[in-house]
Amino acid sequence: MKTGRNDLCPCGSGSKFKKCCINTITPSIPSSQLMDAVRPRLIELIKSEDQYLDLFRSLKRGQIYLVATEGEQTMHLILNEQEYLDMMPIEDRKPLATRLALYEKEKVVAYTEDTGGFMTYAFTDEEVLRCR
């Protein structure tokens, strides 16, 4: 569910979103072009093995499925939101926490490579599990 400009800010301040966190909602992240290119590849990676699909299916609110690629190795981890936020630069933590709070049914999957930053995605079950 998307927060409208005139809705109360999800940070809990009691102010309207447009007067509070609207300008801080997007942490410094890779370009949208790169994010868009990685999204389908990440879905295919999750669908490539049953163990990865099982991790995706098991995700609950407040958990992040982290796919971390370093050289030839790829690690698949489940972190809670605070563990994931602690990995981010300090200035990105509050905006990312605000963004994570907006998700209701979506499952959060993060991806990082040894040469790039973290990319955070919200996937629906239908988006990942269809055509399986």
# chains A, B, ... in the order shown; residues from 1 in each chain; ligands from 1

$ residues_around --residues "Leu85 of chain A" --least-positions-apart "6" --cutoff "12 Å" --atoms "only C-alpha atoms" --output "list in words"
Pro27, Gly62, Gln63, Ile64, Leu66, Leu79, Glu91, Asp92, Arg93, Lys94, Pro95, Leu96, Ala97, Thr98, Arg99, Leu100, Ala110, Phe118 and Thr120 of chain A

$ write_last_selection --atoms "N, CA, C and O atoms" --output "JSON list (two decimals), in the first residue's frame"
[["chain", "number", "residue", "atom", "x", "y", "z"],
["A", 27, "PRO", "N", 16.55, 6.03, 0.05],
["A", 27, "PRO", "CA", 17.95, 6.07, 0.44],
["A", 27, "PRO", "C", 18.84, 6.06, -0.80],
["A", 27, "PRO", "O", 18.38, 5.77, -1.89],
["A", 62, "GLY", "N", 8.84, -8.42, 8.60],
["A", 62, "GLY", "CA", 9.98, -8.09, 9.45],
["A", 62, "GLY", "C", 11.24, -8.87, 9.14],
["A", 62, "GLY", "O", 12.26, -8.69, 9.81],
["A", 63, "GLN", "N", 11.18, -9.73, 8.13],
["A", 63, "GLN", "CA", 12.35, -10.48, 7.72],
["A", 63, "GLN", "C", 12.79, -10.06, 6.32],
["A", 63, "GLN", "O", 11.96, -9.67, 5.50],
["A", 64, "ILE", "N", 14.08, -10.16, 6.07],
["A", 64, "ILE", "CA", 14.66, -9.82, 4.77],
["A", 64, "ILE", "C", 15.42, -11.05, 4.28],
["A", 64, "ILE", "O", 16.22, -11.63, 5.01],
["A", 66, "LEU", "N", 18.28, -12.05, 2.11],
["A", 66, "LEU", "CA", 19.45, -11.42, 1.52],
["A", 66, "LEU", "C", 20.20, -12.41, 0.64],
["A", 66, "LEU", "O", 20.57, -13.49, 1.09],
["A", 79, "LEU", "N", 17.52, -12.38, 7.40],
["A", 79, "LEU", "CA", 17.86, -11.44, 8.47],
["A", 79, "LEU", "C", 16.58, -10.78, 8.96],
["A", 79, "LEU", "O", 15.61, -10.66, 8.22],
["A", 91, "GLU", "N", 23.04, 7.20, 7.26],
["A", 91, "GLU", "CA", 22.09, 8.13, 6.67],
["A", 91, "GLU", "C", 20.98, 7.44, 5.88],
["A", 91, "GLU", "O", 19.95, 8.04, 5.60],
["A", 92, "ASP", "N", 21.17, 6.17, 5.54],
["A", 92, "ASP", "CA", 20.15, 5.44, 4.78],
["A", 92, "ASP", "C", 19.19, 4.64, 5.66],
["A", 92, "ASP", "O", 18.17, 4.16, 5.17],
["A", 93, "ARG", "N", 19.49, 4.50, 6.92],
["A", 93, "ARG", "CA", 18.71, 3.62, 7.78],
["A", 93, "ARG", "C", 17.28, 4.08, 8.00],
["A", 93, "ARG", "O", 16.33, 3.31, 7.85],
["A", 94, "LYS", "N", 17.08, 5.35, 8.36],
["A", 94, "LYS", "CA", 15.72, 5.83, 8.62],
["A", 94, "LYS", "C", 14.85, 5.81, 7.36],
["A", 94, "LYS", "O", 13.72, 5.31, 7.40],
["A", 95, "PRO", "N", 15.36, 6.30, 6.22],
["A", 95, "PRO", "CA", 14.53, 6.23, 5.01],
["A", 95, "PRO", "C", 14.18, 4.79, 4.61],
["A", 95, "PRO", "O", 13.05, 4.52, 4.21],
["A", 96, "LEU", "N", 15.14, 3.89, 4.75],
["A", 96, "LEU", "CA", 14.87, 2.50, 4.40],
["A", 96, "LEU", "C", 13.88, 1.87, 5.38],
["A", 96, "LEU", "O", 12.97, 1.15, 4.98],
["A", 97, "ALA", "N", 14.02, 2.18, 6.67],
["A", 97, "ALA", "CA", 13.07, 1.66, 7.67],
["A", 97, "ALA", "C", 11.66, 2.17, 7.38],
["A", 97, "ALA", "O", 10.68, 1.42, 7.50],
["A", 98, "THR", "N", 11.55, 3.43, 6.96],
["A", 98, "THR", "CA", 10.25, 4.00, 6.60],
["A", 98, "THR", "C", 9.66, 3.25, 5.41],
["A", 98, "THR", "O", 8.48, 2.92, 5.38],
["A", 99, "ARG", "N", 10.51, 2.98, 4.42],
["A", 99, "ARG", "CA", 10.06, 2.26, 3.23],
["A", 99, "ARG", "C", 9.61, 0.84, 3.59],
["A", 99, "ARG", "O", 8.58, 0.37, 3.14],
["A", 100, "LEU", "N", 10.37, 0.15, 4.43],
["A", 100, "LEU", "CA", 10.02, -1.21, 4.83],
["A", 100, "LEU", "C", 8.69, -1.24, 5.58],
["A", 100, "LEU", "O", 7.92, -2.18, 5.45],
["A", 110, "ALA", "N", 16.69, -8.66, -0.66],
["A", 110, "ALA", "CA", 17.80, -7.75, -0.91],
["A", 110, "ALA", "C", 18.88, -8.48, -1.69],
["A", 110, "ALA", "O", 19.04, -9.70, -1.55],
["A", 118, "PHE", "N", 23.74, -2.39, -1.88],
["A", 118, "PHE", "CA", 22.56, -3.20, -1.60],
["A", 118, "PHE", "C", 21.39, -2.69, -2.43],
["A", 118, "PHE", "O", 21.19, -1.48, -2.57],
["A", 120, "THR", "N", 17.24, -3.26, -2.60],
["A", 120, "THR", "CA", 16.15, -3.79, -1.79],
["A", 120, "THR", "C", 14.87, -3.81, -2.62],
["A", 120, "THR", "O", 14.48, -2.79, -3.18]]

$ select_by_dssp --residues "chain A" --states "strand (DSSP E)" --output "ChimeraX atom specification"
/A:63-70,73-80,107-113,119-123

$ write_last_selection --atoms "C-alpha atoms" --output "PDB file, in the first residue's frame"
ATOM      1  CA  GLN A  63      12.354 -10.483   7.719  1.00  0.00           C
ATOM      2  CA  ILE A  64      14.658  -9.825   4.770  1.00  0.00           C
ATOM      3  CA  TYR A  65      15.901 -12.504   2.395  1.00  0.00           C
ATOM      4  CA  LEU A  66      19.453 -11.421   1.523  1.00  0.00           C
ATOM      5  CA  VAL A  67      21.187 -12.795  -1.561  1.00  0.00           C
ATOM      6  CA  ALA A  68      24.851 -11.800  -1.298  1.00  0.00           C
ATOM      7  CA  THR A  69      27.217 -12.574  -4.151  1.00  0.00           C
ATOM      8  CA  GLU A  70      30.927 -12.445  -3.528  1.00  0.00           C
ATOM      9  CA  GLN A  73      29.960 -17.711  -4.183  1.00  0.00           C
ATOM     10  CA  THR A  74      26.410 -16.643  -3.417  1.00  0.00           C
ATOM     11  CA  MET A  75      25.026 -16.736   0.125  1.00  0.00           C
ATOM     12  CA  HIS A  76      21.317 -16.857   0.915  1.00  0.00           C
ATOM     13  CA  LEU A  77      20.443 -15.538   4.388  1.00  0.00           C
ATOM     14  CA  ILE A  78      17.354 -14.538   6.315  1.00  0.00           C
ATOM     15  CA  LEU A  79      17.858 -11.436   8.469  1.00  0.00           C
ATOM     16  CA  ASN A  80      15.467  -9.470  10.619  1.00  0.00           C
ATOM     17  CA  LYS A 107       8.189 -10.000   0.893  1.00  0.00           C
ATOM     18  CA  VAL A 108      11.480  -8.137   1.036  1.00  0.00           C
ATOM     19  CA  VAL A 109      14.436  -9.523  -0.873  1.00  0.00           C
ATOM     20  CA  ALA A 110      17.797  -7.749  -0.913  1.00  0.00           C
ATOM     21  CA  TYR A 111      20.672  -8.318  -3.290  1.00  0.00           C
ATOM     22  CA  THR A 112      24.285  -7.252  -3.170  1.00  0.00           C
ATOM     23  CA  GLU A 113      27.437  -7.998  -5.098  1.00  0.00           C
ATOM     24  CA  MET A 119      19.400  -3.289  -3.702  1.00  0.00           C
ATOM     25  CA  THR A 120      16.152  -3.794  -1.793  1.00  0.00           C
ATOM     26  CA  TYR A 121      13.046  -5.182  -3.515  1.00  0.00           C
ATOM     27  CA  ALA A 122       9.480  -5.927  -2.484  1.00  0.00           C
ATOM     28  CA  PHE A 123       8.054  -8.994  -4.234  1.00  0.00           C
TER      29      PHE A 123
END

$ atom_distance --atom1 "atom CA of Leu53 of chain A" --atom2 "atom CA of Gly71 of chain A"
22.6 Å

$ closest_residue --among "A:Ser13, A:Arg57, A:Glu81, A:Val128" --to "Leu45 of chain A" --atoms "only C-alpha atoms"
A:Val128

$ closest_residue --among "A:Asn6, A:Ser15, A:Thr124, A:Ser32" --to "Glu104 of chain A" --atoms "only C-alpha atoms"
A:Thr124

$ closest_residue --among "A:Met87, A:Cys20, A:Leu59, A:Met35" --to "Leu8 of chain A" --atoms "only C-alpha atoms"
A:Cys20

$ closest_residue --among "A:Pro89, A:Lys60, A:Gly117, A:Arg130" --to "Lys105 of chain A" --atoms "only C-alpha atoms"
A:Lys60

$ residues_around --residues "Ile46 of chain A" --least-positions-apart "2" --cutoff "10 Å" --atoms "only C-alpha atoms" --output "list in words"
Pro40, Arg41, Leu42, Ile43, Glu44, Ser48, Glu49, Asp50, Gln51, Tyr52, Leu53, Asp54, Leu55, Phe56, Val67, His76, Val109, Val128 and Leu129 of chain A

$ atom_distance --atom1 "atom CA of Ala101 of chain A" --atom2 "atom CA of Glu127 of chain A"
20.2 Å
